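Pasted below: query-v6.pdb, PDB, N, CA, C and O atoms.
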ATOM      1  N   MET A   1     -36.369  23.607 -40.990
ATOM      2  CA  MET A   1     -36.178  23.879 -42.395
ATOM      3  C   MET A   1     -35.132  22.919 -42.950
ATOM      4  O   MET A   1     -34.110  22.668 -42.338
ATOM      5  N   ASN A   2     -35.354  22.421 -44.156
ATOM      6  CA  ASN A   2     -34.448  21.481 -44.797
ATOM      7  C   ASN A   2     -33.347  22.258 -45.514
ATOM      8  O   ASN A   2     -33.608  23.051 -46.394
ATOM      9  N   THR A   3     -32.083  22.021 -45.123
ATOM     10  CA  THR A   3     -30.948  22.715 -45.744
ATOM     11  C   THR A   3     -30.279  21.875 -46.821
ATOM     12  O   THR A   3     -29.332  22.317 -47.434
ATOM     13  N   ASN A   4     -30.762  20.649 -47.017
ATOM     14  CA  ASN A   4     -30.186  19.767 -48.043
ATOM     15  C   ASN A   4     -30.890  20.005 -49.376
ATOM     16  O   ASN A   4     -31.827  19.313 -49.732
ATOM     17  N   VAL A   5     -30.442  20.998 -50.100
ATOM     18  CA  VAL A   5     -31.035  21.319 -51.389
ATOM     19  C   VAL A   5     -30.191  20.695 -52.487
ATOM     20  O   VAL A   5     -28.991  20.912 -52.551
ATOM     21  N   LEU A   6     -30.853  19.922 -53.330
ATOM     22  CA  LEU A   6     -30.148  19.281 -54.433
ATOM     23  C   LEU A   6     -30.060  20.248 -55.599
ATOM     24  O   LEU A   6     -30.993  21.006 -55.858
ATOM     25  N   PRO A   7     -28.935  20.207 -56.327
ATOM     26  CA  PRO A   7     -28.827  21.070 -57.507
ATOM     27  C   PRO A   7     -29.808  20.606 -58.585
ATOM     28  O   PRO A   7     -30.200  19.444 -58.627
ATOM     29  N   ALA A   8     -30.185  21.508 -59.442
ATOM     30  CA  ALA A   8     -31.085  21.163 -60.541
ATOM     31  C   ALA A   8     -30.378  20.173 -61.460
ATOM     32  O   ALA A   8     -29.199  20.341 -61.773
ATOM     33  N   PRO A   9     -31.074  19.114 -61.895
ATOM     34  CA  PRO A   9     -30.431  18.128 -62.769
ATOM     35  C   PRO A   9     -30.125  18.718 -64.138
ATOM     36  O   PRO A   9     -30.841  19.586 -64.631
ATOM     37  N   SER A  10     -29.046  18.227 -64.730
ATOM     38  CA  SER A  10     -28.710  18.648 -66.089
ATOM     39  C   SER A  10     -29.707  18.016 -67.060
ATOM     40  O   SER A  10     -30.455  17.102 -66.699
ATOM     41  N   ILE A  11     -29.699  18.488 -68.266
ATOM     42  CA  ILE A  11     -30.605  17.941 -69.277
ATOM     43  C   ILE A  11     -30.314  16.457 -69.488
ATOM     44  O   ILE A  11     -31.237  15.642 -69.582
ATOM     45  N   ASP A  12     -29.025  16.090 -69.532
ATOM     46  CA  ASP A  12     -28.665  14.685 -69.734
ATOM     47  C   ASP A  12     -29.147  13.811 -68.586
ATOM     48  O   ASP A  12     -29.727  12.754 -68.808
ATOM     49  N   SER A  13     -28.894  14.239 -67.354
ATOM     50  CA  SER A  13     -29.306  13.411 -66.224
ATOM     51  C   SER A  13     -30.821  13.333 -66.132
ATOM     52  O   SER A  13     -31.369  12.301 -65.736
ATOM     53  N   ALA A  14     -31.524  14.393 -66.497
ATOM     54  CA  ALA A  14     -32.990  14.358 -66.493
ATOM     55  C   ALA A  14     -33.504  13.349 -67.510
ATOM     56  O   ALA A  14     -34.463  12.606 -67.237
ATOM     57  N   ARG A  15     -32.854  13.268 -68.681
ATOM     58  CA  ARG A  15     -33.244  12.278 -69.692
ATOM     59  C   ARG A  15     -33.049  10.859 -69.173
ATOM     60  O   ARG A  15     -33.909   9.995 -69.339
ATOM     61  N   TYR A  16     -31.877  10.627 -68.547
ATOM     62  CA  TYR A  16     -31.626   9.290 -68.000
ATOM     63  C   TYR A  16     -32.633   8.967 -66.906
ATOM     64  O   TYR A  16     -33.131   7.845 -66.817
ATOM     65  N   TRP A  17     -32.911   9.932 -66.060
ATOM     66  CA  TRP A  17     -33.839   9.686 -64.958
ATOM     67  C   TRP A  17     -35.213   9.296 -65.495
ATOM     68  O   TRP A  17     -35.857   8.383 -64.968
ATOM     69  N   ASN A  18     -35.666   9.961 -66.548
ATOM     70  CA  ASN A  18     -36.969   9.619 -67.122
ATOM     71  C   ASN A  18     -37.002   8.177 -67.603
ATOM     72  O   ASN A  18     -38.027   7.518 -67.529
ATOM     73  N   GLU A  19     -35.860   7.672 -68.087
ATOM     74  CA  GLU A  19     -35.789   6.285 -68.537
ATOM     75  C   GLU A  19     -35.666   5.301 -67.375
ATOM     76  O   GLU A  19     -36.153   4.180 -67.442
ATOM     77  N   LEU A  20     -34.992   5.714 -66.304
ATOM     78  CA  LEU A  20     -34.640   4.787 -65.228
ATOM     79  C   LEU A  20     -35.575   4.811 -64.032
ATOM     80  O   LEU A  20     -35.565   3.887 -63.222
ATOM     81  N   LYS A  21     -36.401   5.834 -63.891
ATOM     82  CA  LYS A  21     -37.189   5.991 -62.670
ATOM     83  C   LYS A  21     -38.190   4.869 -62.450
ATOM     84  O   LYS A  21     -38.567   4.593 -61.322
ATOM     85  N   GLY A  22     -38.579   4.168 -63.489
ATOM     86  CA  GLY A  22     -39.534   3.082 -63.333
ATOM     87  C   GLY A  22     -38.914   1.742 -62.948
ATOM     88  O   GLY A  22     -39.627   0.767 -62.733
ATOM     89  N   LEU A  23     -37.594   1.690 -62.849
ATOM     90  CA  LEU A  23     -36.926   0.437 -62.503
ATOM     91  C   LEU A  23     -37.140   0.089 -61.037
ATOM     92  O   LEU A  23     -37.388   0.953 -60.199
ATOM     93  N   SER A  24     -36.984  -1.173 -60.735
ATOM     94  CA  SER A  24     -37.120  -1.617 -59.337
ATOM     95  C   SER A  24     -35.955  -1.085 -58.507
ATOM     96  O   SER A  24     -34.902  -0.718 -59.037
ATOM     97  N   ASN A  25     -36.157  -1.057 -57.195
ATOM     98  CA  ASN A  25     -35.089  -0.594 -56.303
ATOM     99  C   ASN A  25     -33.846  -1.469 -56.424
ATOM    100  O   ASN A  25     -32.722  -0.974 -56.348
ATOM    101  N   LYS A  26     -34.042  -2.762 -56.640
ATOM    102  CA  LYS A  26     -32.905  -3.677 -56.763
ATOM    103  C   LYS A  26     -32.048  -3.299 -57.982
ATOM    104  O   LYS A  26     -30.822  -3.198 -57.891
ATOM    105  N   VAL A  27     -32.698  -3.052 -59.099
ATOM    106  CA  VAL A  27     -31.970  -2.698 -60.315
ATOM    107  C   VAL A  27     -31.305  -1.334 -60.157
ATOM    108  O   VAL A  27     -30.165  -1.131 -60.575
ATOM    109  N   LYS A  28     -32.003  -0.396 -59.514
ATOM    110  CA  LYS A  28     -31.409   0.921 -59.278
ATOM    111  C   LYS A  28     -30.146   0.811 -58.426
ATOM    112  O   LYS A  28     -29.138   1.464 -58.708
ATOM    113  N   LEU A  29     -30.186  -0.034 -57.375
ATOM    114  CA  LEU A  29     -28.995  -0.224 -56.538
ATOM    115  C   LEU A  29     -27.861  -0.863 -57.330
ATOM    116  O   LEU A  29     -26.692  -0.504 -57.151
ATOM    117  N   GLU A  30     -28.179  -1.804 -58.211
ATOM    118  CA  GLU A  30     -27.146  -2.411 -59.054
ATOM    119  C   GLU A  30     -26.516  -1.362 -59.971
ATOM    120  O   GLU A  30     -25.293  -1.330 -60.150
ATOM    121  N   LEU A  31     -27.336  -0.493 -60.530
ATOM    122  CA  LEU A  31     -26.816   0.578 -61.389
ATOM    123  C   LEU A  31     -25.950   1.553 -60.599
ATOM    124  O   LEU A  31     -24.912   2.006 -61.081
ATOM    125  N   ILE A  32     -26.367   1.874 -59.383
ATOM    126  CA  ILE A  32     -25.564   2.760 -58.529
ATOM    127  C   ILE A  32     -24.201   2.143 -58.280
ATOM    128  O   ILE A  32     -23.172   2.818 -58.370
ATOM    129  N   THR A  33     -24.179   0.841 -58.009
ATOM    130  CA  THR A  33     -22.913   0.147 -57.769
ATOM    131  C   THR A  33     -22.024   0.194 -58.998
ATOM    132  O   THR A  33     -20.827   0.501 -58.915
ATOM    133  N   LEU A  34     -22.603  -0.086 -60.165
ATOM    134  CA  LEU A  34     -21.823  -0.066 -61.398
ATOM    135  C   LEU A  34     -21.301   1.337 -61.708
ATOM    136  O   LEU A  34     -20.132   1.510 -62.080
ATOM    137  N   LEU A  35     -22.148   2.353 -61.555
ATOM    138  CA  LEU A  35     -21.718   3.720 -61.819
ATOM    139  C   LEU A  35     -20.626   4.156 -60.846
ATOM    140  O   LEU A  35     -19.644   4.783 -61.230
ATOM    141  N   SER A  36     -20.803   3.818 -59.575
ATOM    142  CA  SER A  36     -19.799   4.191 -58.566
ATOM    143  C   SER A  36     -18.462   3.535 -58.852
ATOM    144  O   SER A  36     -17.413   4.177 -58.761
ATOM    145  N   SER A  37     -18.483   2.258 -59.203
ATOM    146  CA  SER A  37     -17.217   1.576 -59.465
ATOM    147  C   SER A  37     -16.565   2.117 -60.734
ATOM    148  O   SER A  37     -15.344   2.188 -60.827
ATOM    149  N   SER A  38     -17.351   2.539 -61.711
ATOM    150  CA  SER A  38     -16.748   3.109 -62.914
ATOM    151  C   SER A  38     -16.067   4.430 -62.610
ATOM    152  O   SER A  38     -15.059   4.772 -63.206
ATOM    153  N   MET A  39     -16.583   5.177 -61.674
ATOM    154  CA  MET A  39     -15.952   6.444 -61.279
ATOM    155  C   MET A  39     -14.648   6.181 -60.546
ATOM    156  O   MET A  39     -13.678   6.902 -60.717
ATOM    157  N   THR A  40     -14.594   5.137 -59.753
ATOM    158  CA  THR A  40     -13.382   4.784 -59.029
ATOM    159  C   THR A  40     -12.297   4.358 -59.999
ATOM    160  O   THR A  40     -11.146   4.737 -59.864
ATOM    161  N   ILE A  41     -12.656   3.576 -61.024
ATOM    162  CA  ILE A  41     -11.690   3.121 -62.022
ATOM    163  C   ILE A  41     -11.119   4.312 -62.773
ATOM    164  O   ILE A  41      -9.920   4.401 -62.999
ATOM    165  N   GLU A  42     -11.959   5.278 -63.149
ATOM    166  CA  GLU A  42     -11.484   6.455 -63.865
ATOM    167  C   GLU A  42     -10.472   7.234 -63.034
ATOM    168  O   GLU A  42      -9.461   7.675 -63.535
ATOM    169  N   LYS A  43     -10.738   7.394 -61.742
ATOM    170  CA  LYS A  43      -9.817   8.128 -60.884
ATOM    171  C   LYS A  43      -8.477   7.425 -60.804
ATOM    172  O   LYS A  43      -7.439   8.055 -60.815
ATOM    173  N   THR A  44      -8.496   6.100 -60.730
ATOM    174  CA  THR A  44      -7.254   5.338 -60.671
ATOM    175  C   THR A  44      -6.462   5.521 -61.954
ATOM    176  O   THR A  44      -5.253   5.717 -61.924
ATOM    177  N   GLU A  45      -7.124   5.472 -63.112
ATOM    178  CA  GLU A  45      -6.439   5.628 -64.386
ATOM    179  C   GLU A  45      -5.914   7.044 -64.561
ATOM    180  O   GLU A  45      -4.863   7.255 -65.146
ATOM    181  N   GLU A  46      -6.641   8.044 -64.045
ATOM    182  CA  GLU A  46      -6.197   9.420 -64.179
ATOM    183  C   GLU A  46      -4.903   9.669 -63.412
ATOM    184  O   GLU A  46      -4.092  10.479 -63.808
ATOM    185  N   LYS A  47      -4.706   8.949 -62.311
ATOM    186  CA  LYS A  47      -3.513   9.135 -61.496
ATOM    187  C   LYS A  47      -2.254   8.707 -62.236
ATOM    188  O   LYS A  47      -1.189   9.242 -61.999
ATOM    189  N   SER A  48      -2.385   7.743 -63.103
ATOM    190  CA  SER A  48      -1.224   7.223 -63.823
ATOM    191  C   SER A  48      -1.085   7.917 -65.170
ATOM    192  O   SER A  48      -1.956   7.820 -66.016
ATOM    193  N   ASN A  49       0.017   8.626 -65.345
ATOM    194  CA  ASN A  49       0.277   9.275 -66.626
ATOM    195  C   ASN A  49       0.751   8.273 -67.674
ATOM    196  O   ASN A  49       0.750   8.557 -68.854
ATOM    197  N   HIS A  50       1.170   7.110 -67.221
ATOM    198  CA  HIS A  50       1.732   6.097 -68.116
ATOM    199  C   HIS A  50       0.878   4.830 -68.074
ATOM    200  O   HIS A  50       1.400   3.730 -67.989
ATOM    201  N   TRP A  51      -0.431   4.994 -68.150
ATOM    202  CA  TRP A  51      -1.318   3.844 -68.040
ATOM    203  C   TRP A  51      -1.130   2.848 -69.186
ATOM    204  O   TRP A  51      -1.362   1.672 -69.015
ATOM    205  N   ALA A  52      -0.684   3.314 -70.340
ATOM    206  CA  ALA A  52      -0.505   2.405 -71.472
ATOM    207  C   ALA A  52       0.700   1.486 -71.272
ATOM    208  O   ALA A  52       0.790   0.440 -71.907
ATOM    209  N   ASP A  53       1.618   1.865 -70.401
ATOM    210  CA  ASP A  53       2.801   1.046 -70.171
ATOM    211  C   ASP A  53       2.467  -0.343 -69.635
ATOM    212  O   ASP A  53       3.226  -1.282 -69.806
ATOM    213  N   ARG A  54       1.316  -0.490 -69.009
ATOM    214  CA  ARG A  54       0.964  -1.798 -68.460
ATOM    215  C   ARG A  54       0.546  -2.789 -69.548
ATOM    216  O   ARG A  54       0.476  -3.976 -69.320
ATOM    217  N   PHE A  55       0.265  -2.289 -70.755
ATOM    218  CA  PHE A  55      -0.124  -3.161 -71.858
ATOM    219  C   PHE A  55       1.072  -3.695 -72.630
ATOM    220  O   PHE A  55       1.001  -4.724 -73.255
ATOM    221  N   CYS A  56       2.155  -2.956 -72.627
ATOM    222  CA  CYS A  56       3.344  -3.382 -73.352
ATOM    223  C   CYS A  56       4.546  -2.675 -72.742
ATOM    224  O   CYS A  56       4.411  -1.791 -71.920
ATOM    225  N   GLY A  57       5.720  -3.062 -73.166
ATOM    226  CA  GLY A  57       6.928  -2.445 -72.644
ATOM    227  C   GLY A  57       7.093  -1.021 -73.140
ATOM    228  O   GLY A  57       6.593  -0.647 -74.198
ATOM    229  N   ALA A  58       7.759  -0.225 -72.370
ATOM    230  CA  ALA A  58       8.009   1.159 -72.757
ATOM    231  C   ALA A  58       9.100   1.193 -73.825
ATOM    232  O   ALA A  58      10.048   0.412 -73.786
ATOM    233  N   TRP A  59       8.950   2.087 -74.769
ATOM    234  CA  TRP A  59       9.933   2.241 -75.829
ATOM    235  C   TRP A  59      11.158   2.937 -75.256
ATOM    236  O   TRP A  59      11.049   4.018 -74.696
ATOM    237  N   LYS A  60      12.301   2.309 -75.389
ATOM    238  CA  LYS A  60      13.548   2.909 -74.905
ATOM    239  C   LYS A  60      14.526   2.928 -76.058
ATOM    240  O   LYS A  60      14.847   1.884 -76.622
ATOM    241  N   ASP A  61      14.978   4.112 -76.404
ATOM    242  CA  ASP A  61      15.881   4.250 -77.537
ATOM    243  C   ASP A  61      16.661   5.542 -77.362
ATOM    244  O   ASP A  61      16.112   6.545 -76.915
ATOM    245  N   ASN A  62      17.932   5.520 -77.682
ATOM    246  CA  ASN A  62      18.760   6.717 -77.564
ATOM    247  C   ASN A  62      18.809   7.522 -78.856
ATOM    248  O   ASN A  62      19.361   8.614 -78.879
ATOM    249  N   ARG A  63      18.211   6.970 -79.925
ATOM    250  CA  ARG A  63      18.248   7.663 -81.211
ATOM    251  C   ARG A  63      17.228   8.799 -81.244
ATOM    252  O   ARG A  63      16.225   8.764 -80.550
ATOM    253  N   THR A  64      17.518   9.777 -82.080
ATOM    254  CA  THR A  64      16.557  10.856 -82.282
ATOM    255  C   THR A  64      15.468  10.360 -83.227
ATOM    256  O   THR A  64      15.626   9.310 -83.883
ATOM    257  N   ALA A  65      14.397  11.098 -83.324
ATOM    258  CA  ALA A  65      13.310  10.724 -84.226
ATOM    259  C   ALA A  65      13.799  10.658 -85.663
ATOM    260  O   ALA A  65      13.440   9.741 -86.416
ATOM    261  N   ASP A  66      14.629  11.615 -86.039
ATOM    262  CA  ASP A  66      15.169  11.613 -87.408
ATOM    263  C   ASP A  66      16.020  10.377 -87.669
ATOM    264  O   ASP A  66      15.970   9.795 -88.765
ATOM    265  N   GLU A  67      16.799   9.965 -86.692
ATOM    266  CA  GLU A  67      17.622   8.764 -86.860
ATOM    267  C   GLU A  67      16.753   7.518 -87.004
ATOM    268  O   GLU A  67      17.052   6.638 -87.815
ATOM    269  N   ILE A  68      15.676   7.458 -86.250
ATOM    270  CA  ILE A  68      14.776   6.310 -86.344
ATOM    271  C   ILE A  68      14.116   6.277 -87.718
ATOM    272  O   ILE A  68      14.046   5.230 -88.363
ATOM    273  N   VAL A  69      13.650   7.423 -88.181
ATOM    274  CA  VAL A  69      13.017   7.499 -89.502
ATOM    275  C   VAL A  69      14.008   7.094 -90.583
ATOM    276  O   VAL A  69      13.684   6.313 -91.487
ATOM    277  N   ASP A  70      15.233   7.605 -90.506
ATOM    278  CA  ASP A  70      16.253   7.237 -91.492
ATOM    279  C   ASP A  70      16.516   5.740 -91.481
ATOM    280  O   ASP A  70      16.663   5.108 -92.533
ATOM    281  N   ASN A  71      16.560   5.156 -90.282
ATOM    282  CA  ASN A  71      16.787   3.726 -90.157
ATOM    283  C   ASN A  71      15.650   2.925 -90.776
ATOM    284  O   ASN A  71      15.884   1.945 -91.495
ATOM    285  N   ILE A  72      14.440   3.338 -90.523
ATOM    286  CA  ILE A  72      13.279   2.642 -91.097
ATOM    287  C   ILE A  72      13.320   2.718 -92.615
ATOM    288  O   ILE A  72      13.118   1.721 -93.316
ATOM    289  N   ARG A  73      13.597   3.894 -93.134
ATOM    290  CA  ARG A  73      13.638   4.062 -94.592
ATOM    291  C   ARG A  73      14.757   3.234 -95.216
ATOM    292  O   ARG A  73      14.596   2.678 -96.298
ATOM    293  N   SER A  74      15.899   3.156 -94.556
ATOM    294  CA  SER A  74      17.014   2.401 -95.129
ATOM    295  C   SER A  74      16.755   0.895 -95.096
ATOM    296  O   SER A  74      17.347   0.147 -95.877
ATOM    297  N   MET A  75      15.879   0.440 -94.231
ATOM    298  CA  MET A  75      15.596  -0.982 -94.105
ATOM    299  C   MET A  75      14.462  -1.443 -95.022
ATOM    300  O   MET A  75      14.172  -2.631 -95.096
ATOM    301  N   ARG A  76      13.845  -0.519 -95.713
ATOM    302  CA  ARG A  76      12.752  -0.883 -96.609
ATOM    303  C   ARG A  76      13.266  -1.756 -97.739
ATOM    304  O   ARG A  76      14.367  -1.566 -98.249
ATOM    305  N   THR A  77      12.450  -2.705 -98.116
ATOM    306  CA  THR A  77      12.776  -3.552 -99.255
ATOM    307  C   THR A  77      11.587  -3.557-100.205
ATOM    308  O   THR A  77      10.455  -3.283 -99.818
ATOM    309  N   THR A  78      11.873  -3.864-101.415
ATOM    310  CA  THR A  78      10.784  -4.010-102.384
ATOM    311  C   THR A  78      10.635  -5.485-102.695
ATOM    312  O   THR A  78      11.622  -6.207-102.869
ATOM    313  N   ASN A  79       9.441  -5.906-102.724
ATOM    314  CA  ASN A  79       9.154  -7.296-103.026
ATOM    315  C   ASN A  79       8.520  -7.359-104.401
ATOM    316  O   ASN A  79       7.374  -7.720-104.580
ATOM    317  N   HIS A  80       9.317  -6.984-105.384
ATOM    318  CA  HIS A  80       8.816  -6.953-106.748
ATOM    319  C   HIS A  80       8.931  -8.348-107.355
ATOM    320  O   HIS A  80      10.013  -8.865-107.565
ATOM    321  N   VAL A  81       7.787  -8.920-107.574
ATOM    322  CA  VAL A  81       7.743 -10.243-108.199
ATOM    323  C   VAL A  81       6.864 -10.135-109.416
ATOM    324  O   VAL A  81       5.725  -9.657-109.350
ATOM    325  N   ASP A  82       7.385 -10.571-110.543
ATOM    326  CA  ASP A  82       6.592 -10.569-111.761
ATOM    327  C   ASP A  82       5.560 -11.689-111.679
ATOM    328  O   ASP A  82       5.897 -12.842-111.416
ATOM    329  N   VAL A  83       4.340 -11.327-111.908
ATOM    330  CA  VAL A  83       3.264 -12.302-111.880
ATOM    331  C   VAL A  83       2.736 -12.469-113.288
ATOM    332  O   VAL A  83       2.406 -11.489-113.962
ATOM    333  N   GLU A  84       2.688 -13.701-113.725
ATOM    334  CA  GLU A  84       2.196 -13.973-115.081
ATOM    335  C   GLU A  84       0.703 -14.149-115.010
ATOM    336  O   GLU A  84       0.175 -14.974-114.258
ATOM    337  N   LEU A  85      -0.012 -13.369-115.805
ATOM    338  CA  LEU A  85      -1.485 -13.456-115.805
ATOM    339  C   LEU A  85      -1.985 -14.240-116.982
ATOM    340  O   LEU A  85      -1.554 -14.268-118.034
TER     341      LEU A  85
END
Can the structure in the file be given as structure tokens, please?
Amino acid sequence: MNTNVLPAPSIDSARYWNELKGLSNKVKLELITLLSSSMTIEKTEEKSNHWADRFCGAWKDNRTADEIVDNIRSMRTTNHVDVEL
């Protein structure tokens, strides 16, 4: 008796399968490789809570949010230039 019973496919996976089942074995293997590697990348990114830090430096400041807002507001300038039409 075969004990390897596959779970019933979800509606989404059944839709994809209907589109992909006619592909050649070579293309199916390429898709398996791409899907598998995308799952590995997601797991790596999930492990890092600070994944955005690799794109730019981390913000380091001892001021409170209110102090930062006050500073930004005090530094505002108006560039009022009269334009003759």
Worksheet item: By how many Å are atom C of Asp70 of chain A and atom CA of Phe55 of chain A apart?
Response: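 Distance reported for this atom pair: 27.2 Å.
The space between atom CA of Leu23 of chain A and atom N of Ser36 of chain A spans 16.7 Å.
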Test item: axis-aligned box, all listed atoms of segment 28-39 of chain A, 4 Å on each side, centre and edges in Å rounded to one decimal, as lines of an AutoDock Vina configuration file:
center_x = -22.8
center_y = 2.2
center_z = -59.9
size_x = 26.3
size_y = 17.3
size_z = 14.7
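Atom N of Trp59 of chain A sits 28.9 Å away from atom N of Met39 of chain A.
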